[in-house]
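Okay, model36.txt now, which holds compact mmCIF, C-alpha atoms (C1' of nucleotides) and all ligand atoms:
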```
# COMPACT_ATOMS: atom_id res chain seq x y z
CA MET Y 902 -34.57 3.63 48.80
CA PHE Y 903 -37.87 2.72 47.17
CA SER Y 904 -40.55 5.24 46.23
CA LYS Y 905 -43.74 5.34 48.28
CA SER Y 906 -45.52 3.86 45.25
CA CYS Y 907 -43.10 0.96 45.23
CA GLU Y 908 -43.51 0.35 48.96
CA TYR Y 909 -47.28 0.18 48.51
CA ALA Y 910 -46.83 -2.07 45.48
CA ILE Y 911 -44.72 -4.57 47.40
CA LYS Y 912 -47.06 -4.63 50.40
CA ALA Y 913 -50.14 -4.94 48.20
CA THR Y 914 -48.64 -7.77 46.17
CA ILE Y 915 -47.70 -9.72 49.28
CA TYR Y 916 -51.16 -9.26 50.76
CA ILE Y 917 -52.83 -10.35 47.53
CA ALA Y 918 -50.52 -13.37 47.47
CA VAL Y 919 -51.51 -14.45 50.97
CA GLN Y 920 -55.20 -14.10 50.15
CA SER Y 921 -54.82 -15.84 46.81
CA ASN Y 922 -53.19 -18.76 48.58
CA GLN Y 923 -56.31 -19.02 50.69
CA GLY Y 924 -58.47 -18.90 47.58
CA ASN Y 925 -59.68 -15.35 48.16
CA ARG Y 926 -59.84 -12.59 45.61
CA VAL Y 927 -59.42 -9.20 47.30
CA GLY Y 928 -60.80 -5.75 46.51
CA LEU Y 929 -59.15 -2.34 46.56
CA LYS Y 930 -60.75 -1.23 49.84
CA ASP Y 931 -59.59 -4.37 51.56
CA ILE Y 932 -56.03 -3.98 50.28
CA ALA Y 933 -55.77 -0.28 51.11
CA ARG Y 934 -57.03 -0.89 54.65
CA GLU Y 935 -54.67 -3.80 55.19
CA ILE Y 936 -51.53 -2.03 54.00
CA ALA Y 937 -52.60 1.35 55.41
CA SER Y 938 -52.39 3.21 52.13
CA PRO Y 939 -54.52 5.89 50.45
CA GLU Y 940 -57.21 4.10 48.48
CA ALA Y 941 -57.28 6.05 45.20
CA PHE Y 942 -53.50 6.19 45.05
CA THR Y 943 -53.29 2.48 45.68
CA ALA Y 944 -55.74 1.91 42.83
CA LYS Y 945 -53.26 3.50 40.40
CA ILE Y 946 -50.48 1.28 41.63
CA LEU Y 947 -52.60 -1.85 41.33
CA GLN Y 948 -53.33 -0.83 37.75
CA GLN Y 949 -49.63 -0.67 37.03
CA LEU Y 950 -49.03 -4.06 38.62
CA SER Y 951 -51.87 -5.49 36.61
CA ARG Y 952 -50.58 -4.03 33.34
CA ASN Y 953 -47.20 -5.53 34.15
CA HIS Y 954 -48.79 -8.93 34.74
CA ILE Y 955 -47.64 -9.07 38.32
CA ILE Y 956 -51.21 -9.37 39.58
CA ASP Y 957 -54.50 -10.19 37.84
CA SER Y 958 -57.59 -8.05 38.12
CA VAL Y 959 -61.26 -8.91 37.65
CA LYS Y 960 -64.01 -6.34 37.28
CA GLY Y 961 -67.57 -6.46 38.51
CA PRO Y 962 -69.27 -8.02 41.53
CA ASN Y 963 -66.96 -10.31 43.44
CA GLY Y 964 -64.19 -8.83 41.34
CA GLY Y 965 -60.85 -7.74 42.72
CA PHE Y 966 -57.21 -8.72 42.55
CA GLN Y 967 -55.43 -12.05 42.71
CA ILE Y 968 -52.22 -13.81 41.83
CA ASP Y 969 -51.96 -17.07 40.04
CA LYS Y 970 -50.63 -19.63 42.50
CA LYS Y 971 -48.00 -21.11 40.21
CA GLU Y 972 -46.89 -17.63 39.13
CA MET Y 973 -46.33 -16.65 42.74
CA THR Y 974 -43.02 -18.44 43.16
CA ARG Y 975 -41.80 -16.98 39.88
CA ILE Y 976 -42.59 -13.36 40.74
CA LYS Y 977 -39.60 -11.76 42.39
CA LEU Y 978 -39.29 -8.48 44.28
CA SER Y 979 -37.08 -7.20 41.49
CA GLN Y 980 -40.00 -7.39 39.06
CA ILE Y 981 -42.21 -5.27 41.28
CA VAL Y 982 -39.47 -2.71 41.80
CA SER Y 983 -38.72 -2.58 38.07
CA ALA Y 984 -42.39 -2.17 37.20
CA ILE Y 985 -42.88 0.76 39.56
CA ASP Y 986 -39.50 2.47 40.01
CA GLY Y 987 -37.66 1.33 36.93
CA ASP Y 988 -34.18 -0.16 37.02
CA ALA Y 989 -32.19 2.82 38.27
CA ILE Y 990 -31.69 1.10 41.61
CA PHE Y 991 -30.16 -1.96 39.91
CA LYS Y 992 -27.99 -0.26 37.34
CA GLY Y 993 -27.89 3.43 38.25
CA CYS Y 994 -24.90 5.45 39.41
CA GLY Y 995 -24.77 6.24 43.12
CA LEU Y 996 -23.96 9.87 42.38
CA GLY Y 997 -26.55 10.34 39.64
CA PHE Y 998 -24.50 10.00 36.46
CA LYS Y 999 -26.76 9.22 33.50
CA GLU Y 1000 -25.40 5.73 33.54
CA CYS Y 1001 -22.87 3.88 35.66
CA SER Y 1002 -19.74 2.90 33.77
CA GLU Y 1003 -16.39 1.30 34.51
CA LYS Y 1004 -14.76 3.51 31.90
CA LYS Y 1005 -15.62 6.82 33.53
CA PRO Y 1006 -16.58 5.91 37.09
CA CYS Y 1007 -17.73 8.37 39.72
CA PRO Y 1008 -15.76 8.54 42.97
CA VAL Y 1009 -17.97 6.06 44.81
CA HIS Y 1010 -18.32 3.61 41.92
CA ASP Y 1011 -16.11 0.79 43.20
CA LYS Y 1012 -17.64 0.76 46.65
CA PHE Y 1013 -21.17 1.48 45.54
CA LYS Y 1014 -21.48 -1.18 42.89
CA VAL Y 1015 -20.77 -3.89 45.45
CA ILE Y 1016 -23.75 -2.85 47.57
CA ARG Y 1017 -25.94 -2.24 44.53
CA ASN Y 1018 -25.21 -5.72 43.22
CA GLU Y 1019 -25.99 -7.28 46.57
CA LEU Y 1020 -29.29 -5.44 46.63
CA LYS Y 1021 -30.00 -6.54 43.07
CA THR Y 1022 -29.22 -10.15 43.88
CA MET Y 1023 -31.38 -10.05 46.98
CA LEU Y 1024 -34.35 -8.61 45.09
CA GLU Y 1025 -33.92 -11.05 42.22
CA ASN Y 1026 -33.83 -14.02 44.55
CA THR Y 1027 -36.71 -13.07 46.81
CA SER Y 1028 -40.07 -14.39 45.66
CA VAL Y 1029 -43.47 -13.03 46.57
CA GLN Y 1030 -44.41 -16.57 47.65
CA GLU Y 1031 -41.58 -16.61 50.15
CA LEU Y 1032 -42.54 -13.26 51.67
CA SER Y 1033 -46.19 -14.22 51.85
CA LEU Y 1034 -45.31 -17.15 54.11
CA GLY Y 1035 -43.94 -14.94 56.86
CA LEU Y 1036 -47.05 -12.84 56.73
CA ALA Y 1037 -49.45 -15.80 56.71
CA ASN Y 1038 -47.61 -17.26 59.69
CA GLY Y 1039 -47.91 -14.05 61.66
CA LEU Y 1040 -44.16 -13.49 61.72
CA THR Y 1041 -44.25 -10.32 59.67
CA PHE Y 1042 -46.68 -7.42 59.30
CA LEU Y 1043 -48.02 -5.00 56.70
CA HIS Y 1044 -48.74 -2.14 59.09
CA ARG Y 1045 -48.33 -1.16 62.73
CA MET F 695 -30.93 5.94 46.71
CA PHE F 696 -29.61 9.36 47.67
CA SER F 697 -31.43 12.62 47.02
CA LYS F 698 -30.13 14.94 44.32
CA SER F 699 -29.04 17.28 47.12
CA CYS F 700 -27.02 14.51 48.67
CA GLU F 701 -25.40 13.57 45.38
CA TYR F 702 -24.31 17.18 44.88
CA ALA F 703 -23.13 17.32 48.49
CA ILE F 704 -20.89 14.27 48.08
CA LYS F 705 -19.44 15.44 44.78
CA ALA F 706 -18.86 18.96 46.09
CA THR F 707 -17.16 17.70 49.25
CA ILE F 708 -14.81 15.46 47.27
CA TYR F 709 -13.91 18.28 44.90
CA ILE F 710 -13.27 20.67 47.77
CA ALA F 711 -11.10 17.98 49.39
CA VAL F 712 -8.94 17.56 46.30
CA GLN F 713 -8.46 21.30 45.99
CA SER F 714 -7.78 21.72 49.69
CA ASN F 715 -5.09 19.09 49.42
CA GLN F 716 -3.45 21.25 46.79
CA GLY F 717 -3.78 24.28 49.05
CA ASN F 718 -6.57 25.88 47.06
CA ARG F 719 -9.73 27.36 48.47
CA VAL F 720 -12.58 27.07 45.93
CA GLY F 721 -15.60 29.23 45.20
CA LEU F 722 -19.20 28.34 44.47
CA LYS F 723 -18.95 28.96 40.72
CA ASP F 724 -15.93 26.75 40.46
CA ILE F 725 -17.59 23.94 42.40
CA ALA F 726 -20.89 24.10 40.52
CA ARG F 727 -19.10 24.02 37.18
CA GLU F 728 -16.91 21.11 38.21
CA ILE F 729 -19.73 18.93 39.53
CA ALA F 730 -22.21 20.09 36.87
CA SER F 731 -24.82 21.31 39.33
CA PRO F 732 -27.12 24.35 39.45
CA GLU F 733 -25.21 27.13 41.14
CA ALA F 734 -27.81 28.61 43.48
CA PHE F 735 -29.02 25.20 44.55
CA THR F 736 -25.48 24.10 45.22
CA ALA F 737 -25.00 27.18 47.38
CA LYS F 738 -27.77 25.96 49.70
CA ILE F 739 -26.17 22.58 50.00
CA LEU F 740 -22.76 24.04 50.75
CA GLN F 741 -24.41 26.09 53.49
CA GLN F 742 -25.76 22.92 55.04
CA LEU F 743 -22.39 21.21 54.82
CA SER F 744 -20.77 24.23 56.41
CA ARG F 745 -23.31 24.36 59.25
CA ASN F 746 -22.64 20.68 59.86
CA HIS F 747 -18.91 21.34 60.00
CA ILE F 748 -18.18 19.08 57.08
CA ILE F 749 -16.61 21.93 55.12
CA ASP F 750 -15.38 25.39 56.13
CA SER F 751 -16.46 28.57 54.40
CA VAL F 752 -14.77 31.94 54.16
CA LYS F 753 -16.48 35.11 52.96
CA GLY F 754 -15.12 37.99 50.96
CA PRO F 755 -12.43 38.29 48.29
CA ASN F 756 -10.45 35.09 47.89
CA GLY F 757 -13.11 33.47 50.02
CA GLY F 758 -14.67 30.12 49.27
CA PHE F 759 -14.81 26.63 50.68
CA GLN F 760 -12.16 24.32 52.05
CA ILE F 761 -11.66 21.31 54.24
CA ASP F 762 -9.13 21.03 56.99
CA LYS F 763 -6.49 18.53 55.90
CA LYS F 764 -6.43 16.56 59.12
CA GLU F 765 -10.24 16.52 59.27
CA MET F 766 -10.40 15.02 55.81
CA THR F 767 -9.52 11.50 56.85
CA ARG F 768 -12.05 11.69 59.67
CA ILE F 769 -14.98 12.81 57.54
CA LYS F 770 -16.86 9.79 56.26
CA LEU F 771 -19.53 9.53 53.55
CA SER F 772 -22.03 8.62 56.26
CA GLN F 773 -21.66 12.08 57.81
CA ILE F 774 -22.45 13.79 54.53
CA VAL F 775 -25.46 11.56 53.91
CA SER F 776 -26.73 12.09 57.47
CA ALA F 777 -26.32 15.85 57.21
CA ILE F 778 -28.31 16.09 53.97
CA ASP F 779 -30.71 13.13 53.86
CA GLY F 780 -30.93 12.20 57.52
CA ASP F 781 -30.48 8.68 58.79
CA ALA F 782 -33.48 6.95 57.17
CA ILE F 783 -31.16 5.11 54.82
CA PHE F 784 -29.18 3.67 57.73
CA LYS F 785 -32.00 2.80 60.09
CA GLY F 786 -35.23 3.08 58.10
CA CYS F 787 -37.63 0.31 57.14
CA GLY F 788 -37.46 -0.87 53.55
CA LEU F 789 -41.22 -0.70 53.24
CA GLY F 790 -41.65 2.65 54.95
CA PHE F 791 -42.71 1.74 58.48
CA LYS F 792 -42.12 4.64 60.86
CA GLU F 793 -39.24 2.72 62.28
CA CYS F 794 -37.67 -0.65 61.59
CA SER F 795 -38.10 -3.13 64.40
CA GLU F 796 -37.34 -6.78 65.11
CA LYS F 797 -40.50 -7.03 67.18
CA LYS F 798 -42.92 -6.15 64.41
CA PRO F 799 -40.93 -6.57 61.22
CA CYS F 800 -42.22 -5.90 57.73
CA PRO F 801 -42.10 -8.75 55.21
CA VAL F 802 -38.73 -7.75 53.77
CA HIS F 803 -37.08 -6.94 57.10
CA ASP F 804 -34.74 -9.93 57.42
CA LYS F 805 -33.42 -9.63 53.90
CA PHE F 806 -33.41 -5.85 53.77
CA LYS F 807 -31.52 -5.21 56.97
CA VAL F 808 -28.54 -7.19 55.69
CA ILE F 809 -28.16 -4.92 52.68
CA ARG F 810 -28.91 -1.80 54.70
CA ASN F 811 -26.20 -2.69 57.20
CA GLU F 812 -23.69 -3.33 54.45
CA LEU F 813 -24.49 0.06 52.97
CA LYS F 814 -24.17 1.65 56.39
CA THR F 815 -20.82 0.00 57.02
CA MET F 816 -19.55 1.01 53.60
CA LEU F 817 -20.56 4.65 54.11
CA GLU F 818 -19.13 4.73 57.62
CA ASN F 819 -15.80 3.34 56.48
CA THR F 820 -15.33 5.45 53.38
CA SER F 821 -13.48 8.69 54.00
CA VAL F 822 -13.58 11.80 51.88
CA GLN F 823 -9.77 11.66 51.79
CA GLU F 824 -9.88 8.22 50.24
CA LEU F 825 -12.34 9.25 47.54
CA SER F 826 -10.40 12.40 46.76
CA LEU F 827 -7.35 10.30 45.87
CA GLY F 828 -9.10 8.55 42.99
CA LEU F 829 -10.22 11.89 41.65
CA ALA F 830 -6.83 13.55 42.02
CA ASN F 831 -5.21 10.60 40.24
CA GLY F 832 -7.61 10.85 37.33
CA LEU F 833 -9.15 7.46 38.04
CA THR F 834 -12.60 8.80 38.87
CA PHE F 835 -14.69 11.72 37.66
CA LEU F 836 -17.22 14.24 38.92
CA HIS F 837 -19.07 14.66 35.63
CA ARG F 838 -19.14 13.32 32.10
C1' DA T 352 -13.70 54.77 55.20
C1' DA T 353 -15.41 53.13 50.64
C1' DA T 354 -15.64 49.85 47.14
C1' DT T 355 -15.42 45.17 45.94
C1' DT T 356 -15.84 40.34 46.56
C1' DA T 357 -18.10 36.09 47.84
C1' DA T 358 -20.89 33.39 51.01
C1' DA T 359 -25.49 33.48 53.81
C1' DG T 360 -30.14 33.78 53.72
C1' DG T 361 -35.00 34.84 52.34
C1' DA T 362 -38.60 34.62 48.96
C1' DT T 363 -40.38 32.55 45.07
C1' DA T 364 -40.91 29.29 41.10
C1' DA T 365 -40.73 24.82 38.50
C1' DT T 366 -40.95 19.97 38.65
C1' DT T 367 -41.86 15.53 40.54
C1' DT T 368 -44.12 12.70 43.68
C1' DT T 369 -47.99 11.69 46.25
C1' DG T 370 -52.76 11.85 46.77
C1' DT T 371 -58.03 12.77 45.55
C1' DC T 372 -62.29 12.89 42.90
C1' DC T 373 -65.28 11.70 39.42
C1' DT T 374 -66.59 9.31 35.09
C1' DT T 375 -66.21 5.21 32.18
C1' DT T 376 -65.79 0.34 31.28
C1' DA T 377 -66.60 -4.41 32.08
C1' DA T 378 -68.29 -8.07 34.66
C1' DT T 379 -72.07 -10.23 37.51
C1' DA T 380 -76.68 -10.61 39.53
C1' DT T 381 -81.55 -9.68 39.36
C1' DA N 798 -82.36 -6.23 29.44
C1' DT N 799 -81.43 -3.60 33.72
C1' DA N 800 -79.30 -2.64 37.82
C1' DT N 801 -75.37 -3.24 40.55
C1' DT N 802 -70.66 -3.91 41.53
C1' DA N 803 -65.77 -3.02 41.23
C1' DA N 804 -61.69 -1.97 38.53
C1' DA N 805 -59.80 1.42 34.80
C1' DG N 806 -58.83 5.81 33.58
C1' DG N 807 -58.79 10.93 33.23
C1' DA N 808 -58.46 15.36 35.43
C1' DC N 809 -57.13 17.75 39.21
C1' DA N 810 -54.85 19.05 43.87
C1' DA N 811 -51.47 18.93 47.66
C1' DA N 812 -46.93 18.26 49.20
C1' DA N 813 -42.10 17.57 48.67
C1' DT N 814 -38.04 18.19 46.07
C1' DT N 815 -35.30 20.73 43.04
C1' DA N 816 -34.06 25.13 41.27
C1' DT N 817 -33.75 30.40 40.70
C1' DC N 818 -33.42 35.25 42.02
C1' DC N 819 -32.40 38.92 44.87
C1' DT N 820 -30.91 41.06 49.23
C1' DT N 821 -27.93 40.95 53.28
C1' DT N 822 -23.74 39.97 55.78
C1' DA N 823 -18.92 39.61 56.35
C1' DA N 824 -14.42 39.73 54.73
C1' DT N 825 -10.64 41.94 51.79
C1' DT N 826 -8.63 45.44 48.87
C1' DT N 827 -8.06 50.09 47.55
S1 LIG W 1101 -20.35 5.51 37.88
FE1 LIG W 1101 -21.24 6.06 39.75
S2 LIG W 1101 -21.70 4.14 40.56
FE2 LIG W 1101 -20.77 3.56 38.70
S1 LIG W 1102 -39.31 -3.42 59.69
FE1 LIG W 1102 -39.11 -3.09 57.57
S2 LIG W 1102 -36.99 -3.28 57.34
FE2 LIG W 1102 -37.19 -3.66 59.46
```
Take the structure from the file and write it as C-alpha cells.
Ligand code: FES
Ligand code: FES
Amino acid sequence: MFSKSCEYAIKATIYIAVQSNQGNRVGLKDIAREIASPEAFTAKILQQLSRNHIIDSVKGPNGGFQIDKKEMTRIKLSQIVSAIDGDAIFKGCGLGFKECSEKKPCPVHDKFKVIRNELKTMLENTSVQELSLGLANGLTFLHR
Amino acid sequence: MFSKSCEYAIKATIYIAVQSNQGNRVGLKDIAREIASPEAFTAKILQQLSRNHIIDSVKGPNGGFQIDKKEMTRIKLSQIVSAIDGDAIFKGCGLGFKECSEKKPCPVHDKFKVIRNELKTMLENTSVQELSLGLANGLTFLHR
DNA sequence: AAATTAAAGGATAATTTTGTCCTTTAATAT
DNA sequence: ATATTAAAGGACAAAATTATCCTTTAATTT
C-alpha cells in the first residue's frame, strides 16, 4: 500500500507531534528508536518531510525536529503520503495505466475508483493531531 | 497498490477469459502484446497463475493458455492477488507492523482497516467473468 | 521416429527501493 | 573565537522487484 519510506514518515510525524505537544523537540536517534527504523534512512525521510514543510528542523545542540502546534491540526495524512510516495495512490490506475480515465477505463476502473476515493477521503480527513492523541493516550503504538 | 506482476496477472487473466469465452486458446506472445507487457516476464507470471490453478496451460503446437468456462465465474480478483502478491493487502498493517492486531494497533489502524476491508470485499466479490464482459463489449481496455 | 511448436524453468541482468557511511553545514555552548 | 552538537547532503551498498536470455520439457504435426 504505502512504501516503507512512507510508513516511516507517518510514524515519525506522529511521534514528533506527540512530543511537540509536550513541548519537546526530538532528535533523529530518539525518533528512529521509537519507530524502530534504520537511523540513516530515517534521516533522509525527515529531510523530505522538512523540505515539504510537514515538520520543522533545528540544527545544533538541543536541535532536532518539531511540529508547530497550530499546524498540527492542519497537516493531514494525505500530505505526508503525497510528499513521500506522490499522488499515484490517490489518482493512479489500479492496473498501472499511465493515468486513470473514464474515457478509456481499465477493467477494474469502476470498482477500483470507489475504494481509491474512500482511501483518498480518509487520508485527507485524518489529521496528525488526531492520530497523535491515540498514541499519547496509550491506545495506539509505533512499534511492537 | 498492486505489484507490477500482479497488474500483469490480472490483465492477462481477463484477456485469457475473454478469449476462452470465444473458444480460443491464446499464446504468450498474443497475451503480452495485448496487455503491453514484457514477454519473458509475463511468461513467469503465467506460470504462477497456472501453478495456482487460476489458468490452464497446454504445451506444444496450438498450445497456450485458457480458463475453464465454468471456473471463470468462481475465480475472483482476490485469488489472483493472493497468488501473486500474497495476502498482505487483505490482512496487513497499514504502517508495516508484522501483523495487524486490535490488541496493539498502530495509529492508523481504526481508519485503515475500514478501507482495507472494503478493498478485500471488493476483490472477493469481483469475478474474472464479470470483468471479461466489459472488455468483450468494448467498454474497458487492457492498454492505451 | 523426427521435426516443430510452445510452455516451463534456470541463470543472469537492469532498475528501484531500502539502507549505510562519511563529510559538510549551521546552530549552540564554552 | 573555538569546540561541540545535530541535521543536511553526497556517495555508496544491499536487497527486492522487474526484466531478459537461453535451455529443457512436453505436446503436436509430418
Ligand atoms: S483506468 Fe484503471 S482505475 Fe481508472
Ligand atoms: S495494526 Fe496497523 S492497521 Fe492494524
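Using only C-alpha atoms (C1' of nucleotides), the part of chain N that sits within 8 Å of chain F is made up of DT815, DA816, DT817, DA823, DA824 and DT825 of chain N.
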If you take all atoms listed in the file and a cut-off of 6 Å, which residues of chain Y touch chain F, and what are their nearest atom pairs and distances in Å to one decimal, in chain and number order, as JSON lines?
```
{"residue": "Y:Met902", "atom": "CA", "partner": "F:Met695", "partner_atom": "CA", "distance": 4.8}
{"residue": "Y:Glu908", "atom": "CA", "partner": "F:Leu789", "partner_atom": "CA", "distance": 5.0}
{"residue": "Y:Leu996", "atom": "CA", "partner": "F:Glu701", "partner_atom": "CA", "distance": 5.0}
{"residue": "Y:Pro1006", "atom": "CA", "partner": "F:Thr834", "partner_atom": "CA", "distance": 5.2}
{"residue": "Y:Cys1007", "atom": "CA", "partner": "F:Phe835", "partner_atom": "CA", "distance": 5.0}
{"residue": "Y:Pro1008", "atom": "CA", "partner": "F:Thr834", "partner_atom": "CA", "distance": 5.2}
{"residue": "Y:Leu1032", "atom": "CA", "partner": "F:Pro801", "partner_atom": "CA", "distance": 5.8}
{"residue": "Y:Thr1041", "atom": "CA", "partner": "F:Pro801", "partner_atom": "CA", "distance": 5.2}
{"residue": "Y:Phe1042", "atom": "CA", "partner": "F:Cys800", "partner_atom": "CA", "distance": 5.0}
{"residue": "Y:Leu1043", "atom": "CA", "partner": "F:Cys800", "partner_atom": "CA", "distance": 6.0}
```
Would you put the residues from that selection into a file with C-alpha atoms, as a PDB file, in the frame of the given file?
```
ATOM      1  CA  MET Y 902     -34.570   3.630  48.800  1.00  0.00           C
ATOM      2  CA  GLU Y 908     -43.510   0.350  48.960  1.00  0.00           C
ATOM      3  CA  LEU Y 996     -23.960   9.870  42.380  1.00  0.00           C
ATOM      4  CA  PRO Y1006     -16.580   5.910  37.090  1.00  0.00           C
ATOM      5  CA  CYS Y1007     -17.730   8.370  39.720  1.00  0.00           C
ATOM      6  CA  PRO Y1008     -15.760   8.540  42.970  1.00  0.00           C
ATOM      7  CA  LEU Y1032     -42.540 -13.260  51.670  1.00  0.00           C
ATOM      8  CA  THR Y1041     -44.250 -10.320  59.670  1.00  0.00           C
ATOM      9  CA  PHE Y1042     -46.680  -7.420  59.300  1.00  0.00           C
ATOM     10  CA  LEU Y1043     -48.020  -5.000  56.700  1.00  0.00           C
TER      11      LEU Y1043
END
```
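Taking atom C1' of DA380 of chain T and atom CA of Asp969 of chain Y as the two end points, the separation is 25.6 Å.
For the atom pair formed by atom CA of Glu1025 of chain Y and atom CA of Leu950 of chain Y, the distance is 17.0 Å, given to one decimal.
Of the residues under consideration (T:DT376, T:DA364, T:DA352, T:DA359), T:DA359 shows the shortest atom-to-atom contact distance to chain F when counting all atoms listed in the file.
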